[in-house]
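> Okay, so here is my_file37.cif, and as you'll see once you scroll down, it has mmCIF, N, CA and C atoms.
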data_run
loop_
_atom_site.group_PDB
_atom_site.id
_atom_site.type_symbol
_atom_site.label_atom_id
_atom_site.label_comp_id
_atom_site.auth_asym_id
_atom_site.auth_seq_id
_atom_site.Cartn_x
_atom_site.Cartn_y
_atom_site.Cartn_z
ATOM 1 N N MET A 21 -24.050 65.451 6.534
ATOM 2 C CA MET A 21 -23.406 66.057 5.397
ATOM 3 C C MET A 21 -22.133 65.270 5.059
ATOM 4 N N ARG A 22 -21.913 65.043 3.788
ATOM 5 C CA ARG A 22 -20.754 64.287 3.333
ATOM 6 C C ARG A 22 -19.538 65.193 3.209
ATOM 7 N N LYS A 23 -18.442 64.767 3.808
ATOM 8 C CA LYS A 23 -17.193 65.510 3.690
ATOM 9 C C LYS A 23 -16.370 64.878 2.583
ATOM 10 N N GLY A 24 -16.369 65.494 1.423
ATOM 11 C CA GLY A 24 -15.613 64.957 0.292
ATOM 12 C C GLY A 24 -14.230 65.567 0.214
ATOM 13 N N SER A 25 -13.421 64.939 -0.563
ATOM 14 C CA SER A 25 -12.094 65.502 -0.778
ATOM 15 C C SER A 25 -12.169 66.517 -1.906
ATOM 16 N N LEU A 26 -11.271 67.427 -1.908
ATOM 17 C CA LEU A 26 -11.242 68.482 -2.895
ATOM 18 C C LEU A 26 -10.078 68.206 -3.855
ATOM 19 N N HIS A 27 -10.384 68.162 -5.145
ATOM 20 C CA HIS A 27 -9.358 67.898 -6.151
ATOM 21 C C HIS A 27 -9.110 69.165 -6.959
ATOM 22 N N LYS A 28 -7.853 69.454 -7.214
ATOM 23 C CA LYS A 28 -7.480 70.611 -8.024
ATOM 24 C C LYS A 28 -6.563 70.158 -9.146
ATOM 25 N N ARG A 29 -6.652 70.827 -10.264
ATOM 26 C CA ARG A 29 -5.749 70.559 -11.377
ATOM 27 C C ARG A 29 -4.631 71.595 -11.313
ATOM 28 N N MET A 30 -3.412 71.125 -11.271
ATOM 29 C CA MET A 30 -2.264 72.024 -11.208
ATOM 30 C C MET A 30 -1.241 71.599 -12.259
ATOM 31 N N TYR A 31 -0.318 72.486 -12.526
ATOM 32 C CA TYR A 31 0.733 72.230 -13.514
ATOM 33 C C TYR A 31 2.090 72.381 -12.842
ATOM 34 N N ALA A 32 3.078 71.674 -13.378
ATOM 35 C CA ALA A 32 4.434 71.754 -12.864
ATOM 36 C C ALA A 32 5.404 71.536 -14.006
ATOM 37 N N VAL A 33 6.670 71.838 -13.758
ATOM 38 C CA VAL A 33 7.719 71.586 -14.743
ATOM 39 C C VAL A 33 8.365 70.259 -14.386
ATOM 40 N N SER A 34 8.643 69.455 -15.405
ATOM 41 C CA SER A 34 9.210 68.130 -15.193
ATOM 42 C C SER A 34 10.251 67.846 -16.270
ATOM 43 N N LYS A 35 11.191 66.984 -15.934
ATOM 44 C CA LYS A 35 12.157 66.491 -16.919
ATOM 45 C C LYS A 35 12.149 64.980 -16.833
ATOM 46 N N ASP A 36 12.167 64.345 -17.973
ATOM 47 C CA ASP A 36 12.137 62.891 -18.030
ATOM 48 C C ASP A 36 13.267 62.304 -17.191
ATOM 49 N N GLY A 37 12.932 61.435 -16.268
ATOM 50 C CA GLY A 37 13.927 60.810 -15.412
ATOM 51 C C GLY A 37 14.136 61.518 -14.092
ATOM 52 N N ILE A 38 13.704 62.780 -13.988
ATOM 53 C CA ILE A 38 13.852 63.528 -12.742
ATOM 54 C C ILE A 38 12.527 63.613 -12.001
ATOM 55 N N GLY A 39 11.440 63.754 -12.731
ATOM 56 C CA GLY A 39 10.127 63.930 -12.116
ATOM 57 C C GLY A 39 9.793 65.401 -11.992
ATOM 58 N N ILE A 40 8.859 65.717 -11.127
ATOM 59 C CA ILE A 40 8.411 67.096 -10.944
ATOM 60 C C ILE A 40 9.491 67.896 -10.233
ATOM 61 N N ILE A 41 9.797 69.068 -10.770
ATOM 62 C CA ILE A 41 10.786 69.963 -10.179
ATOM 63 C C ILE A 41 10.126 70.680 -8.995
ATOM 64 N N ALA A 42 10.756 70.617 -7.838
ATOM 65 C CA ALA A 42 10.193 71.218 -6.619
ATOM 66 C C ALA A 42 10.007 72.721 -6.799
ATOM 67 N N GLY A 43 8.892 73.220 -6.282
ATOM 68 C CA GLY A 43 8.612 74.648 -6.296
ATOM 69 C C GLY A 43 7.963 75.155 -7.567
ATOM 70 N N THR A 44 7.514 74.254 -8.450
ATOM 71 C CA THR A 44 6.921 74.712 -9.708
ATOM 72 C C THR A 44 5.426 74.418 -9.806
ATOM 73 N N MET A 45 4.786 73.924 -8.762
ATOM 74 C CA MET A 45 3.352 73.633 -8.817
ATOM 75 C C MET A 45 2.561 74.935 -8.837
ATOM 76 N N CYS A 46 1.755 75.128 -9.890
ATOM 77 C CA CYS A 46 0.948 76.336 -10.049
ATOM 78 C C CYS A 46 -0.368 75.984 -10.724
ATOM 79 N N TYR A 47 -1.282 76.944 -10.747
ATOM 80 C CA TYR A 47 -2.583 76.717 -11.356
ATOM 81 C C TYR A 47 -2.592 76.946 -12.863
ATOM 82 N N SER A 48 -1.487 77.423 -13.438
ATOM 83 C CA SER A 48 -1.405 77.588 -14.892
ATOM 84 C C SER A 48 -0.018 77.176 -15.377
ATOM 85 N N ARG A 49 0.049 76.794 -16.644
ATOM 86 C CA ARG A 49 1.338 76.401 -17.234
ATOM 87 C C ARG A 49 2.311 77.576 -17.237
ATOM 88 N N LYS A 50 1.811 78.750 -17.589
ATOM 89 C CA LYS A 50 2.656 79.949 -17.663
ATOM 90 C C LYS A 50 3.277 80.265 -16.301
ATOM 91 N N ALA A 51 2.483 80.182 -15.241
ATOM 92 C CA ALA A 51 3.000 80.462 -13.900
ATOM 93 C C ALA A 51 4.038 79.415 -13.475
ATOM 94 N N ALA A 52 3.820 78.149 -13.845
ATOM 95 C CA ALA A 52 4.783 77.093 -13.510
ATOM 96 C C ALA A 52 6.117 77.356 -14.191
ATOM 97 N N ILE A 53 6.078 77.788 -15.446
ATOM 98 C CA ILE A 53 7.304 78.107 -16.175
ATOM 99 C C ILE A 53 8.001 79.304 -15.548
ATOM 100 N N GLU A 54 7.232 80.333 -15.171
ATOM 101 C CA GLU A 54 7.821 81.517 -14.544
ATOM 102 C C GLU A 54 8.496 81.169 -13.223
ATOM 103 N N HIS A 55 7.880 80.291 -12.427
ATOM 104 C CA HIS A 55 8.492 79.857 -11.162
ATOM 105 C C HIS A 55 9.774 79.073 -11.423
ATOM 106 N N PHE A 56 9.795 78.284 -12.484
ATOM 107 C CA PHE A 56 10.979 77.499 -12.824
ATOM 108 C C PHE A 56 12.127 78.400 -13.274
ATOM 109 N N LEU A 57 11.822 79.384 -14.121
ATOM 110 C CA LEU A 57 12.864 80.272 -14.640
ATOM 111 C C LEU A 57 13.343 81.287 -13.609
ATOM 112 N N ARG A 58 12.474 81.745 -12.745
ATOM 113 C CA ARG A 58 12.775 82.711 -11.676
ATOM 114 C C ARG A 58 13.636 83.878 -12.142
ATOM 115 N N GLY A 59 13.239 84.497 -13.236
ATOM 116 C CA GLY A 59 13.936 85.689 -13.718
ATOM 117 C C GLY A 59 15.297 85.410 -14.324
ATOM 118 N N GLY A 60 15.564 84.173 -14.673
ATOM 119 C CA GLY A 60 16.850 83.833 -15.280
ATOM 120 C C GLY A 60 16.973 84.377 -16.694
ATOM 121 N N VAL A 61 18.173 84.338 -17.219
ATOM 122 C CA VAL A 61 18.437 84.875 -18.545
ATOM 123 C C VAL A 61 18.017 83.882 -19.625
ATOM 124 N N THR A 62 18.047 82.594 -19.315
ATOM 125 C CA THR A 62 17.716 81.559 -20.292
ATOM 126 C C THR A 62 16.214 81.523 -20.539
ATOM 127 N N THR A 63 15.839 81.301 -21.804
ATOM 128 C CA THR A 63 14.418 81.257 -22.149
ATOM 129 C C THR A 63 13.881 79.832 -21.996
ATOM 130 N N TRP A 64 12.555 79.721 -21.958
ATOM 131 C CA TRP A 64 11.903 78.421 -21.814
ATOM 132 C C TRP A 64 12.207 77.519 -23.005
ATOM 133 N N GLU A 65 12.341 78.103 -24.192
ATOM 134 C CA GLU A 65 12.601 77.313 -25.398
ATOM 135 C C GLU A 65 13.903 76.517 -25.285
ATOM 136 N N VAL A 66 14.909 77.072 -24.633
ATOM 137 C CA VAL A 66 16.178 76.367 -24.449
ATOM 138 C C VAL A 66 15.958 75.131 -23.574
ATOM 139 N N PHE A 67 15.223 75.276 -22.490
ATOM 140 C CA PHE A 67 14.944 74.146 -21.608
ATOM 141 C C PHE A 67 14.056 73.117 -22.303
ATOM 142 N N LYS A 68 13.101 73.603 -23.083
ATOM 143 C CA LYS A 68 12.180 72.704 -23.784
ATOM 144 C C LYS A 68 12.936 71.802 -24.765
ATOM 145 N N ARG A 69 13.944 72.351 -25.451
ATOM 146 C CA ARG A 69 14.755 71.564 -26.387
ATOM 147 C C ARG A 69 15.554 70.480 -25.673
ATOM 148 N N THR A 70 15.883 70.677 -24.399
ATOM 149 C CA THR A 70 16.663 69.682 -23.657
ATOM 150 C C THR A 70 15.790 68.675 -22.906
ATOM 151 N N GLY A 71 14.462 68.766 -23.075
ATOM 152 C CA GLY A 71 13.591 67.738 -22.516
ATOM 153 C C GLY A 71 12.692 68.152 -21.369
ATOM 154 N N TYR A 72 12.726 69.404 -20.962
ATOM 155 C CA TYR A 72 11.825 69.873 -19.902
ATOM 156 C C TYR A 72 10.439 70.079 -20.484
ATOM 157 N N ARG A 73 9.415 69.738 -19.719
ATOM 158 C CA ARG A 73 8.020 69.880 -20.149
ATOM 159 C C ARG A 73 7.169 70.351 -18.975
ATOM 160 N N THR A 74 6.001 70.911 -19.302
ATOM 161 C CA THR A 74 5.018 71.173 -18.255
ATOM 162 C C THR A 74 4.099 69.968 -18.199
ATOM 163 N N VAL A 75 3.768 69.549 -17.005
ATOM 164 C CA VAL A 75 2.904 68.390 -16.817
ATOM 165 C C VAL A 75 1.703 68.793 -15.973
ATOM 166 N N LYS A 76 0.598 68.095 -16.192
ATOM 167 C CA LYS A 76 -0.626 68.357 -15.439
ATOM 168 C C LYS A 76 -0.736 67.322 -14.332
ATOM 169 N N ALA A 77 -1.066 67.783 -13.139
ATOM 170 C CA ALA A 77 -1.215 66.885 -12.001
ATOM 171 C C ALA A 77 -2.576 67.101 -11.358
ATOM 172 N N ARG A 78 -3.103 66.067 -10.761
ATOM 173 C CA ARG A 78 -4.364 66.185 -10.008
ATOM 174 C C ARG A 78 -3.997 66.104 -8.531
ATOM 175 N N VAL A 79 -4.215 67.190 -7.837
ATOM 176 C CA VAL A 79 -3.840 67.311 -6.441
ATOM 177 C C VAL A 79 -5.069 67.094 -5.580
ATOM 178 N N GLN A 80 -4.947 66.271 -4.560
ATOM 179 C CA GLN A 80 -6.061 66.027 -3.641
ATOM 180 C C GLN A 80 -5.778 66.743 -2.342
ATOM 181 N N ILE A 81 -6.697 67.592 -1.945
ATOM 182 C CA ILE A 81 -6.578 68.316 -0.686
ATOM 183 C C ILE A 81 -7.377 67.582 0.368
ATOM 184 N N ILE A 82 -6.716 67.197 1.435
ATOM 185 C CA ILE A 82 -7.376 66.461 2.509
ATOM 186 C C ILE A 82 -7.665 67.432 3.636
ATOM 187 N N ARG A 83 -8.913 67.506 3.988
ATOM 188 C CA ARG A 83 -9.324 68.431 5.058
ATOM 189 C C ARG A 83 -9.067 67.791 6.420
ATOM 190 N N ARG A 84 -8.540 68.571 7.313
ATOM 191 C CA ARG A 84 -8.304 68.104 8.689
ATOM 192 C C ARG A 84 -9.523 68.446 9.545
ATOM 193 N N SER A 85 -9.875 67.535 10.395
ATOM 194 C CA SER A 85 -10.991 67.837 11.302
ATOM 195 C C SER A 85 -10.433 68.547 12.528
ATOM 196 N N ALA A 86 -11.092 69.600 12.922
ATOM 197 C CA ALA A 86 -10.595 70.434 14.031
ATOM 198 C C ALA A 86 -11.007 69.877 15.369
#
Take the structure in this file and express it as structure tokens.


Amino acid sequence: MRKGSLHKRMYAVSKDGIGIIAGTMCYSRKAAIEHFLRGGVTTWEVFKRTGYRTVKARVQIIRRSA
């Protein structure tokens, strides 16, 4: 049997020049934004105007052999 790698599509919040913001990897854009805002008073539109974006990433899960 072939042991293949598992690929997942995830989203994160990023700013040009900074890269992916830690702690924002999620399976949907909405969830990534919610993790980034963490109940703050500022809306996503304010961050979007200053250059923050959601980005799509392809994550590879490597299985460990037991």

> In terms of the shortest atom-to-atom distance over only C-alpha atoms, which of A:Val66, A:Val61, A:Leu26, A:Ala77 is closest to Arg49 in chain A?

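That would be A:Ala77, the residue with the smallest distance to Arg49 in chain A.
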
> So what do you get for CA of Lys28 in chain A versus CA of Tyr72 in chain A, distance-wise?

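A separation of 22.7 Å between them.
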
> Would you pick out the contacts of Val79 in chain A at 10 Å or less, using only C-alpha atoms, so that residues sharing its chain but fewer than 5 positions from it are not included, and give the list as a PyMOL selection string?

chain A and resi 26-31+45

> Report the residues of chain A whose backbone DSSP state falls under helix (DSSP H, G or I), written as a list in words.

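Matching residues, listed in order: Arg49, Lys50, Ala51, Ala52, Ile53, Glu54, His55, Phe56, Leu57, Trp64, Glu65, Val66, Phe67, Lys68 and Arg69 of chain A.
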
> Given the file shown, determine the residues that the PyMOL selection byres ((chain A and resi 43) around 8) selects; report them as number ranges by chain.

A: 32-33, 40-42, 44-46, 52, 55-56

> Translate the PyMOL selection byres (((chain A and resi 36 and name CA) around 9) and name CA), as applied to the file shown, into an explicit residue set as a list of chain:residue names.

A:Ser34, A:Lys35, A:Gly37, A:Ile38, A:Gly39, A:Gly71, A:Tyr72, A:Arg73
